[in-house]
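Shown below: final-v4.txt, with compact mmCIF, C-alpha atoms (C1' of nucleotides).
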# COMPACT_ATOMS: atom_id res chain seq x y z
CA MET A 693 123.90 138.08 144.00
CA VAL A 694 122.26 140.83 141.95
CA MET A 695 118.83 141.70 143.24
CA ALA A 696 117.21 145.03 142.50
CA ARG A 697 113.79 145.20 144.11
CA PRO A 698 111.78 147.83 142.26
CA THR A 699 109.49 148.48 145.23
CA PRO A 700 110.99 148.52 148.70
CA GLN A 701 108.33 146.53 150.54
CA THR A 702 111.26 144.53 151.86
CA HIS A 703 110.47 145.73 155.35
CA ASP A 704 107.13 143.91 155.35
CA GLU A 705 108.57 140.89 153.60
CA ILE A 706 111.16 140.57 156.33
CA LEU A 707 108.43 140.84 158.92
CA ALA A 708 106.38 138.14 157.27
CA ALA A 709 109.37 135.86 156.79
CA ALA A 710 110.41 136.34 160.41
CA ALA A 711 106.90 135.48 161.58
CA ARG A 712 106.97 132.29 159.53
CA ARG A 713 110.39 131.23 160.82
CA PHE A 714 109.71 132.14 164.44
CA GLY A 715 106.61 130.01 164.25
CA VAL A 716 108.63 127.01 163.17
CA THR A 717 111.95 127.25 164.97
CA GLY A 718 111.22 129.86 167.64
CA TYR A 719 112.84 133.21 168.24
CA ARG A 720 116.15 131.96 169.55
CA GLY A 721 116.25 129.14 167.07
CA THR A 722 115.89 131.49 164.12
CA SER A 723 118.98 133.35 162.94
CA LEU A 724 119.04 136.57 160.97
CA GLN A 725 120.60 134.49 158.22
CA ASP A 726 117.52 132.23 158.18
CA ILE A 727 115.21 135.22 157.80
CA ALA A 728 117.37 136.75 155.09
CA GLY A 729 117.44 133.45 153.25
CA GLU A 730 113.64 133.19 153.32
CA VAL A 731 113.26 136.75 152.02
CA GLY A 732 115.97 136.27 149.42
CA CYS A 733 118.21 139.08 150.55
CA SER A 734 121.36 139.45 152.60
CA LYS A 735 121.55 139.46 156.37
CA ALA A 736 122.85 143.02 156.15
CA ALA A 737 119.65 144.04 154.37
CA VAL A 738 117.61 142.71 157.28
CA LEU A 739 119.70 144.80 159.64
CA TYR A 740 119.25 147.80 157.40
CA HIS A 741 115.49 147.68 157.91
CA PHE A 742 115.62 146.74 161.59
CA ALA A 743 118.00 148.03 164.22
CA ASN A 744 118.55 144.52 165.56
CA LYS A 745 116.93 141.13 165.91
CA GLU A 746 114.81 142.19 168.85
CA ALA A 747 113.30 145.07 166.88
CA ILE A 748 111.73 142.52 164.55
CA LEU A 749 110.08 140.73 167.43
CA THR A 750 108.97 144.04 168.92
CA GLU A 751 107.20 145.12 165.75
CA LEU A 752 105.66 141.68 165.35
CA MET A 753 104.23 141.67 168.86
CA ALA A 754 103.24 145.32 169.14
CA PRO A 755 99.52 144.92 168.42
CA ALA A 756 99.13 141.99 170.81
CA ILE A 757 100.98 143.79 173.56
CA GLY A 758 98.89 146.92 173.08
CA ALA A 759 95.69 144.92 173.37
CA LEU A 760 96.96 143.18 176.49
CA ARG A 761 97.76 146.54 178.06
CA SER A 762 94.29 147.88 177.43
CA LEU A 763 92.75 144.72 178.87
CA ASP A 764 94.90 145.21 181.95
CA GLU A 765 93.57 148.74 182.38
CA ARG A 766 90.00 147.58 182.04
CA ILE A 767 90.56 144.94 184.72
CA MET A 768 92.27 147.34 187.10
CA ALA A 769 89.39 149.76 186.78
CA GLN A 770 87.01 147.07 188.01
CA PRO A 771 86.58 147.15 191.80
CA ASP A 772 84.30 144.15 192.20
CA PRO A 773 86.28 140.83 192.26
CA ALA A 774 83.51 138.82 190.61
CA THR A 775 83.10 141.18 187.67
CA ALA A 776 86.87 141.60 187.41
CA GLN A 777 87.09 137.83 187.12
CA ARG A 778 84.51 137.79 184.36
CA VAL A 779 86.16 140.65 182.47
CA ALA A 780 89.57 139.00 182.81
CA ALA A 781 88.35 135.62 181.61
CA GLU A 782 86.42 136.96 178.61
CA GLY A 783 89.11 139.49 177.72
CA PHE A 784 91.97 137.04 177.96
CA VAL A 785 90.22 134.39 175.90
CA ASP A 786 89.43 137.01 173.31
CA LEU A 787 93.08 138.08 173.13
CA ALA A 788 94.33 134.51 173.04
CA VAL A 789 92.07 133.68 170.11
CA ARG A 790 92.64 136.89 168.15
CA PHE A 791 96.40 136.88 168.55
CA ARG A 792 97.01 133.18 168.60
CA THR A 793 99.39 133.28 165.66
CA GLU A 794 101.48 135.96 167.38
CA ILE A 795 101.46 134.03 170.62
CA ALA A 796 102.49 130.91 168.75
CA LEU A 797 105.64 132.70 167.61
CA LEU A 798 106.97 132.62 171.13
CA ARG A 799 106.79 128.82 171.01
CA GLY A 800 107.33 128.21 174.69
CA GLU A 801 110.11 130.72 175.02
CA PHE A 802 108.05 132.81 177.41
CA PRO A 803 110.42 132.64 180.36
CA GLU A 804 113.44 133.86 178.42
CA LEU A 805 111.66 136.32 176.19
CA LEU A 806 109.86 137.89 179.12
CA GLN A 807 113.23 139.19 180.27
CA GLN A 808 113.62 141.27 177.13
CA PRO A 809 112.74 144.99 177.13
CA VAL A 810 109.85 144.46 174.72
CA PHE A 811 107.97 142.54 177.35
CA ALA A 812 109.12 144.66 180.25
CA HIS A 813 105.70 145.09 181.86
CA ILE A 814 104.14 141.81 180.82
CA GLN A 815 105.20 140.16 184.05
CA GLN A 816 103.22 142.59 186.19
CA ILE A 817 100.26 142.50 183.84
CA SER A 818 100.11 138.72 183.95
CA GLU A 819 100.29 138.82 187.74
CA ARG A 820 97.29 141.12 187.82
CA LEU A 821 95.53 138.83 185.32
CA ILE A 822 96.11 135.85 187.56
CA ASP A 823 94.93 137.82 190.54
CA ALA A 824 91.72 138.74 188.74
CA LEU A 825 91.16 135.20 187.43
CA ALA A 826 91.62 133.88 190.97
CA GLY A 827 88.79 136.19 192.03
CA ARG A 828 91.29 138.35 193.94
CA SER A 829 91.55 135.52 196.44
CA GLU A 830 94.73 134.65 198.31
CA ARG A 831 93.79 130.97 198.59
CA ALA A 832 96.43 128.71 197.05
CA PRO A 833 94.01 126.48 195.10
CA ALA A 834 92.40 129.47 193.43
CA ARG A 835 95.75 130.93 192.41
CA ILE A 836 97.00 127.56 191.17
CA CYS A 837 93.91 127.19 188.99
CA ALA A 838 94.32 130.65 187.55
CA LEU A 839 97.99 130.16 186.72
CA VAL A 840 97.47 126.71 185.17
CA LEU A 841 94.67 127.97 182.96
CA LEU A 842 96.47 131.14 181.95
CA ALA A 843 99.67 129.31 181.06
CA GLY A 844 97.82 126.46 179.39
CA ILE A 845 95.81 128.74 177.12
CA ALA A 846 98.80 130.92 176.27
CA GLU A 847 100.94 127.91 175.50
CA THR A 848 98.45 126.00 173.37
CA CYS A 849 96.16 128.44 171.61
CA GLY A 850 98.57 128.60 168.69
CA GLU A 851 98.07 124.89 168.03
CA PHE A 852 94.43 125.30 167.01
CA ALA A 853 95.04 127.11 163.76
CA ASP A 854 92.36 125.01 162.08
CA VAL A 855 89.62 125.70 164.64
CA PRO A 856 87.36 128.66 163.78
CA ASP A 857 87.70 131.68 166.05
CA ASP A 858 84.20 131.43 167.48
CA ASP A 859 84.44 127.72 168.24
CA LEU A 860 87.77 128.16 169.99
CA ARG A 861 86.50 131.13 171.95
CA ASP A 862 83.42 129.22 173.09
CA ALA A 863 85.43 126.16 174.11
CA LEU A 864 87.96 128.17 176.12
CA LEU A 865 85.30 130.31 177.80
CA ALA A 866 83.32 127.23 178.76
CA LEU A 867 86.48 125.69 180.17
CA LEU A 868 87.27 128.79 182.22
CA ARG A 869 83.74 129.02 183.58
CA ARG A 870 83.84 125.38 184.63
CA ALA A 871 87.33 125.49 186.04
CA LEU A 872 87.54 128.81 187.86
CA GLU A 873 86.55 128.60 191.44
CA PRO A 874 83.98 131.20 192.45
CA ALA A 875 85.58 133.99 194.51
CA ARG A 876 85.01 133.39 198.15
CA MET B 606 143.51 126.53 189.07
CA VAL B 607 144.77 123.92 191.53
CA MET B 608 141.96 121.71 192.74
CA ALA B 609 142.52 118.16 193.89
CA ARG B 610 139.22 116.69 195.03
CA PRO B 611 139.99 113.85 197.43
CA THR B 612 136.75 112.01 196.63
CA PRO B 613 135.56 111.89 193.03
CA GLN B 614 131.86 112.51 193.59
CA THR B 615 132.27 115.14 190.90
CA HIS B 616 129.81 113.31 188.69
CA ASP B 617 126.98 113.94 191.13
CA GLU B 618 128.12 117.46 191.85
CA ILE B 619 127.96 118.25 188.16
CA LEU B 620 124.48 116.77 188.01
CA ALA B 621 123.31 118.88 190.94
CA ALA B 622 124.91 122.03 189.60
CA ALA B 623 123.39 121.45 186.17
CA ALA B 624 119.96 120.98 187.74
CA ARG B 625 120.32 124.25 189.60
CA ARG B 626 121.47 126.19 186.54
CA PHE B 627 118.91 124.64 184.17
CA GLY B 628 116.25 125.67 186.66
CA VAL B 629 117.36 129.28 186.50
CA THR B 630 118.47 129.89 182.93
CA GLY B 631 117.05 126.88 181.13
CA TYR B 632 118.84 124.18 179.17
CA ARG B 633 119.83 126.25 176.17
CA GLY B 634 120.60 129.24 178.31
CA THR B 635 123.07 127.29 180.41
CA SER B 636 126.54 126.71 178.99
CA LEU B 637 128.91 123.94 180.01
CA GLN B 638 131.13 126.73 181.29
CA ASP B 639 128.34 127.88 183.63
CA ILE B 640 127.99 124.39 185.06
CA ALA B 641 131.75 123.99 185.44
CA GLY B 642 131.93 127.34 187.18
CA GLU B 643 129.24 126.36 189.67
CA VAL B 644 130.98 123.07 190.42
CA GLY B 645 134.37 124.73 190.62
CA CYS B 646 136.06 122.66 187.94
CA SER B 647 136.95 123.06 184.29
CA LYS B 648 134.59 122.63 181.38
CA ALA B 649 136.77 119.75 180.23
CA ALA B 650 136.09 117.99 183.54
CA VAL B 651 132.36 118.20 182.89
CA LEU B 652 132.89 116.60 179.50
CA TYR B 653 135.07 113.95 181.09
CA HIS B 654 132.14 112.77 183.21
CA PHE B 655 129.48 113.23 180.53
CA ALA B 656 129.76 112.45 176.84
CA ASN B 657 128.09 115.75 175.92
CA LYS B 658 125.67 118.35 177.18
CA GLU B 659 122.63 116.30 176.28
CA ALA B 660 123.85 113.37 178.37
CA ILE B 661 123.52 115.55 181.46
CA LEU B 662 119.91 116.32 180.65
CA THR B 663 119.24 112.68 179.87
CA GLU B 664 120.50 111.51 183.25
CA LEU B 665 118.62 114.29 185.00
CA MET B 666 115.31 113.40 183.35
CA ALA B 667 115.61 109.61 183.33
CA PRO B 668 113.45 108.90 186.41
CA ALA B 669 110.67 111.24 185.30
CA ILE B 670 110.65 109.78 181.80
CA GLY B 671 110.52 106.25 183.16
CA ALA B 672 107.54 107.10 185.34
CA LEU B 673 105.77 108.74 182.42
CA ARG B 674 106.31 105.63 180.30
CA SER B 675 104.81 103.37 182.93
CA LEU B 676 101.82 105.68 183.30
CA ASP B 677 101.36 105.49 179.54
CA GLU B 678 101.28 101.70 179.67
CA ARG B 679 98.73 101.73 182.47
CA ILE B 680 96.50 104.06 180.45
CA MET B 681 96.79 102.02 177.25
CA ALA B 682 95.82 98.88 179.14
CA GLN B 683 92.55 100.52 180.15
CA PRO B 684 89.75 99.83 177.66
CA ASP B 685 87.01 101.92 179.26
CA PRO B 686 87.26 105.63 178.33
CA ALA B 687 85.87 106.88 181.63
CA THR B 688 88.29 104.89 183.77
CA ALA B 689 91.14 105.69 181.37
CA GLN B 690 90.31 109.36 181.92
CA ARG B 691 90.41 108.94 185.67
CA VAL B 692 93.68 106.99 185.57
CA ALA B 693 95.23 109.56 183.25
CA ALA B 694 94.16 112.51 185.39
CA GLU B 695 95.30 111.03 188.68
CA GLY B 696 98.48 109.60 187.23
CA PHE B 697 99.48 112.76 185.45
CA VAL B 698 98.86 114.97 188.46
CA ASP B 699 100.88 112.58 190.57
CA LEU B 700 103.80 112.73 188.14
CA ALA B 701 103.59 116.51 187.80
CA VAL B 702 103.76 116.94 191.56
CA ARG B 703 106.46 114.35 192.20
CA PHE B 704 108.74 115.47 189.41
CA ARG B 705 107.93 119.15 189.42
CA THR B 706 111.56 120.14 189.98
CA GLU B 707 112.66 118.07 187.00
CA ILE B 708 109.87 119.48 184.86
CA ALA B 709 110.82 122.99 185.95
CA LEU B 710 114.26 122.42 184.45
CA LEU B 711 112.78 122.48 181.00
CA ARG B 712 111.53 126.01 181.69
CA GLY B 713 109.28 126.30 178.71
CA GLU B 714 111.71 124.76 176.29
CA PHE B 715 109.41 121.83 175.64
CA PRO B 716 108.97 122.36 171.91
CA GLU B 717 112.68 122.44 171.16
CA LEU B 718 113.75 119.84 173.68
CA LEU B 719 111.08 117.42 172.54
CA GLN B 720 112.99 117.10 169.29
CA GLN B 721 116.02 115.67 171.08
CA PRO B 722 116.59 111.90 171.20
CA VAL B 723 116.08 111.78 174.97
CA PHE B 724 112.44 112.68 174.53
CA ALA B 725 111.94 110.67 171.37
CA HIS B 726 108.69 109.01 172.40
CA ILE B 727 107.29 111.74 174.61
CA GLN B 728 105.34 113.22 171.74
CA GLN B 729 103.32 110.04 171.20
CA ILE B 730 102.87 109.50 174.91
CA SER B 731 101.51 113.00 175.40
CA GLU B 732 99.11 112.49 172.50
CA ARG B 733 97.76 109.37 174.17
CA LEU B 734 97.54 111.26 177.45
CA ILE B 735 95.49 114.01 175.80
CA ASP B 736 93.32 111.39 174.18
CA ALA B 737 92.64 109.76 177.53
CA LEU B 738 92.03 113.07 179.30
CA ALA B 739 89.56 114.01 176.58
CA GLY B 740 87.66 110.82 177.39
CA ARG B 741 88.77 109.33 174.05
CA SER B 742 86.39 111.77 172.40
CA GLU B 743 86.99 113.35 169.01
CA ARG B 744 85.02 116.49 169.90
CA ALA B 745 87.13 119.64 169.54
CA PRO B 746 86.09 121.22 172.87
CA ALA B 747 87.06 118.10 174.80
CA ARG B 748 90.46 117.91 173.12
CA ILE B 749 91.08 121.63 173.62
CA CYS B 750 90.34 121.28 177.33
CA ALA B 751 92.66 118.32 177.66
CA LEU B 752 95.54 120.04 175.88
CA VAL B 753 95.15 123.31 177.79
CA LEU B 754 95.12 121.53 181.13
CA LEU B 755 98.01 119.23 180.27
CA ALA B 756 100.19 122.06 179.01
CA GLY B 757 99.18 124.37 181.82
CA ILE B 758 100.05 121.89 184.54
CA ALA B 759 103.31 120.88 182.89
CA GLU B 760 104.32 124.48 182.40
CA THR B 761 103.49 125.76 185.87
CA CYS B 762 103.88 122.97 188.39
CA GLY B 763 107.50 123.91 188.90
CA GLU B 764 106.48 127.34 190.18
CA PHE B 765 104.83 125.96 193.29
CA ALA B 766 107.97 124.83 195.06
CA ASP B 767 106.63 126.19 198.36
CA VAL B 768 103.30 124.35 198.21
CA PRO B 769 103.28 120.97 199.99
CA ASP B 770 102.93 117.95 197.71
CA ASP B 771 99.53 116.92 199.04
CA ASP B 772 98.03 120.39 198.79
CA LEU B 773 99.24 120.81 195.22
CA ARG B 774 97.99 117.37 194.26
CA ASP B 775 94.56 118.07 195.73
CA ALA B 776 94.27 121.44 194.03
CA LEU B 777 95.26 120.08 190.61
CA LEU B 778 93.01 117.04 190.88
CA ALA B 779 90.07 119.20 191.90
CA LEU B 780 90.76 121.46 188.94
CA LEU B 781 90.91 118.53 186.52
CA ARG B 782 87.69 117.06 187.86
CA ARG B 783 85.91 120.38 187.49
CA ALA B 784 87.37 121.21 184.10
CA LEU B 785 87.33 117.92 182.21
CA GLU B 786 84.19 117.33 180.28
CA PRO B 787 82.63 113.98 180.99
CA ALA B 788 83.21 111.53 178.16
CA ARG B 789 80.22 111.40 175.88
C1' DC C 826 122.18 165.03 133.40
C1' DA C 827 123.75 165.39 138.06
C1' DC C 828 123.47 164.70 142.78
C1' DG C 829 122.00 163.08 147.11
C1' DA C 830 119.27 159.89 149.55
C1' DA C 831 117.63 155.22 149.93
C1' DT C 832 118.60 150.43 149.43
C1' DC C 833 121.48 146.68 149.51
C1' DT C 834 125.88 143.83 149.31
C1' DG C 835 130.11 141.02 150.64
C1' DA C 836 133.59 141.02 153.76
C1' DC C 837 134.65 141.24 158.21
C1' DC C 838 134.61 141.37 163.54
C1' DG C 839 134.21 139.83 168.31
C1' DT C 840 131.99 136.62 171.10
C1' DT C 841 130.15 132.37 172.62
C1' DC C 842 129.24 127.79 172.17
C1' DG C 843 129.95 122.52 172.31
C1' DG C 844 133.52 119.63 171.89
C1' DT C 845 138.61 117.67 171.37
C1' DC C 846 143.23 116.72 172.78
C1' DA C 847 147.85 116.04 174.74
C1' DG C 848 149.59 115.86 178.88
C1' DC C 849 149.99 116.25 184.08
C1' DA C 850 149.17 114.70 188.95
C1' DC C 851 147.62 111.21 191.81
C1' DC C 852 146.44 106.67 193.51
C1' DT C 853 146.67 101.63 193.43
C1' DG C 854 148.35 97.17 193.03
C1' DA C 855 151.82 93.89 191.26
C1' DT D 1033 159.53 100.78 192.41
C1' DC D 1034 157.04 101.44 188.61
C1' DA D 1035 153.28 100.61 185.23
C1' DG D 1036 148.77 101.86 184.36
C1' DG D 1037 144.33 103.65 185.19
C1' DT D 1038 141.55 107.64 186.92
C1' DG D 1039 140.54 112.40 187.23
C1' DC D 1040 141.38 116.61 185.59
C1' DT D 1041 143.55 120.79 183.21
C1' DG D 1042 144.61 124.61 179.80
C1' DA D 1043 144.92 125.34 175.18
C1' DC D 1044 142.75 124.91 171.21
C1' DC D 1045 139.21 124.15 167.26
C1' DG D 1046 135.42 124.99 163.98
C1' DA D 1047 130.93 126.61 163.66
C1' DA D 1048 127.36 129.79 164.44
C1' DC D 1049 125.71 133.90 166.06
C1' DG D 1050 124.45 139.17 166.13
C1' DG D 1051 126.18 143.08 164.43
C1' DT D 1052 129.30 146.67 161.69
C1' DC D 1053 131.15 148.90 157.70
C1' DA D 1054 132.78 150.85 153.31
C1' DG D 1055 131.30 150.82 149.09
C1' DA D 1056 128.27 149.70 145.05
C1' DT D 1057 123.79 150.20 142.85
C1' DT D 1058 119.44 152.26 142.14
C1' DC D 1059 116.00 155.89 142.42
C1' DG D 1060 113.72 160.32 142.88
C1' DT D 1061 114.23 164.93 141.77
C1' DG D 1062 115.93 169.60 140.75
Entire entry expressed as structure tokens:
Amino acid sequence: MVMARPTPQTHDEILAAAARRFGVTGYRGTSLQDIAGEVGCSKAAVLYHFANKEAILTELMAPAIGALRSLDERIMAQPDPATAQRVAAEGFVDLAVRFRTEIALLRGEFPELLQQPVFAHIQQISERLIDALAGRSERAPARICALVLLAGIAETCGEFADVPDDDLRDALLALLRRALEPAR
Amino acid sequence: MVMARPTPQTHDEILAAAARRFGVTGYRGTSLQDIAGEVGCSKAAVLYHFANKEAILTELMAPAIGALRSLDERIMAQPDPATAQRVAAEGFVDLAVRFRTEIALLRGEFPELLQQPVFAHIQQISERLIDALAGRSERAPARICALVLLAGIAETCGEFADVPDDDLRDALLALLRRALEPAR
DNA sequence: CACGAATCTGACCGTTCGGTCAGCACCTGA
DNA sequence: TCAGGTGCTGACCGAACGGTCAGATTCGTG
């Protein structure tokens, strides 16, 4: 296999190919060989540009994770439960819509992937998100609602690739407003 | 390893052990060796009682799948969209609560596991469920709501092992009633 | 042109997985 | 007593995986 790329944009090609494959077969279900095959290079070349498989996922998810972190800070800075709920709902829907392709890459592998170092703090962040969405209430029904909606949006927003951003955002926000119990 | 079980209830022990392990590390993340280790027998013994790994999952999920099928038939027999929506909501919540431990076994591996022969018809059934929950409407917001709620409940109901059945059922039904758009 | 760094390759490694197989111990019934 | 079925074992297999490595090729530059 003789393949002399004049320009070494291979790094980005690998990233794009990985995104495509992860979206179809998931992270675990995609081998380095698969990615290499899609790029048209050897598996060793993939591992030349990335330290390991996880590093690819890390770079792919970095922007989404950064945005989630900053949303978390904005929510924590909000003392009033009602406004925190509003900020959390609007912020989360915004993230879900903007990063829906990235989220789709995880294809329901949340539980396993959350264990990995890349997502080290996501667990705590999502707990604070649920807390805020539940209006900082301890009542079981409120917390159940918050978790169902959070998980449902995260799990499905990748499926609506054909829906315009604004339409999706409006639909999800309307759903949240209807579904979230007022903080009591 | 000398281990002469007087009574051969090993079949059921394997099933129980598999359920426990699947619930912790997921289907893919659990090896036959793990299950054998938990039972205290050899991997070959597991494969003596079950044709292959998938057969374990099949037997574990059989009751839940049967119940889902019968719910599907009840929904399809219902010509009126509004009543179909009510039947679907109540029936699905009932299933989610009753079989939440079984559902929890899938631990977010829905997309991959749905490909397997065991769940061959689940895809179509869930599409009909979404259709019914959306009030048989073609409007995007209605369908988005239905999918988010369906996925959210399926994904999370296993987390509420400490909530009594009735409380969980009430909370989920109240959420669905609040969140589902009326059929228009 | 020469040299070192960057890029990439094929071969290889250790591990884990699902699954197979020959055979051993035990129980049962003729 | 012994033939045969049941339950089970350890050893083994091929495939796939993530990752390593020495070396080849190419490129920028003094």
Exercise. Kindly determine which residues of chain A lie within 8 Å of chain D, considering all atoms listed in the file, and give the answer as number ranges by chain.
Key: A: 696, 723-724, 744-745
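The part of chain C that reaches within 8 Å of chain A is made up of DT832, DC833 and DT834 of chain C, counting all atoms listed in the file.
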Selection to disk with C-alpha atoms (C1' of nucleotides), as a CSV table (one decimal), in the frame of the given file:
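Below you can see selection08.csv, which holds the result:
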chain,number,residue,atom,x,y,z
C,832,DT,C1',118.6,150.4,149.4
C,833,DC,C1',121.5,146.7,149.5
C,834,DT,C1',125.9,143.8,149.3
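Between Ala669 of chain B and the residues B:Leu738, B:Val723, B:Met681, B:Ala694, the shortest atom-to-atom distance, using only C-alpha atoms, involves B:Val723.
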Output the contact residues of chain A with respect to chain B at a cut-off of 6 Å, based on all atoms listed in the file, as an mmCIF file with C-alpha atoms, in the coordinates of the input.
data_model
loop_
_atom_site.group_PDB
_atom_site.id
_atom_site.type_symbol
_atom_site.label_atom_id
_atom_site.label_comp_id
_atom_site.auth_asym_id
_atom_site.auth_seq_id
_atom_site.Cartn_x
_atom_site.Cartn_y
_atom_site.Cartn_z
ATOM 1 C CA GLY A 800 107.330 128.210 174.690
ATOM 2 C CA GLU A 801 110.110 130.720 175.020
ATOM 3 C CA PRO A 833 94.010 126.480 195.100
ATOM 4 C CA VAL A 840 97.470 126.710 185.170
ATOM 5 C CA LEU A 841 94.670 127.970 182.960
ATOM 6 C CA ALA A 843 99.670 129.310 181.060
ATOM 7 C CA GLY A 844 97.820 126.460 179.390
ATOM 8 C CA ILE A 845 95.810 128.740 177.120
ATOM 9 C CA ALA A 863 85.430 126.160 174.110
ATOM 10 C CA ARG A 870 83.840 125.380 184.630
ATOM 11 C CA ALA A 871 87.330 125.490 186.040
#
Self-check item: Nearest-residue call for DG844 of chain C, choices B:Leu652, B:Gly628, B:Gln638, B:Arg674, using all atoms listed in the file
Solution: B:Leu652
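Across the structure, atom CA of Val731 of chain A and atom CA of Ile706 of chain A are spaced 6.1 Å apart.
The gap separating atom CA of Glu618 of chain B from atom CA of Thr635 of chain B is 15.9 Å, in Å to one decimal.
Distance-wise, atom CA of Phe742 of chain A and atom CA of His703 of chain A end up 8.2 Å apart.
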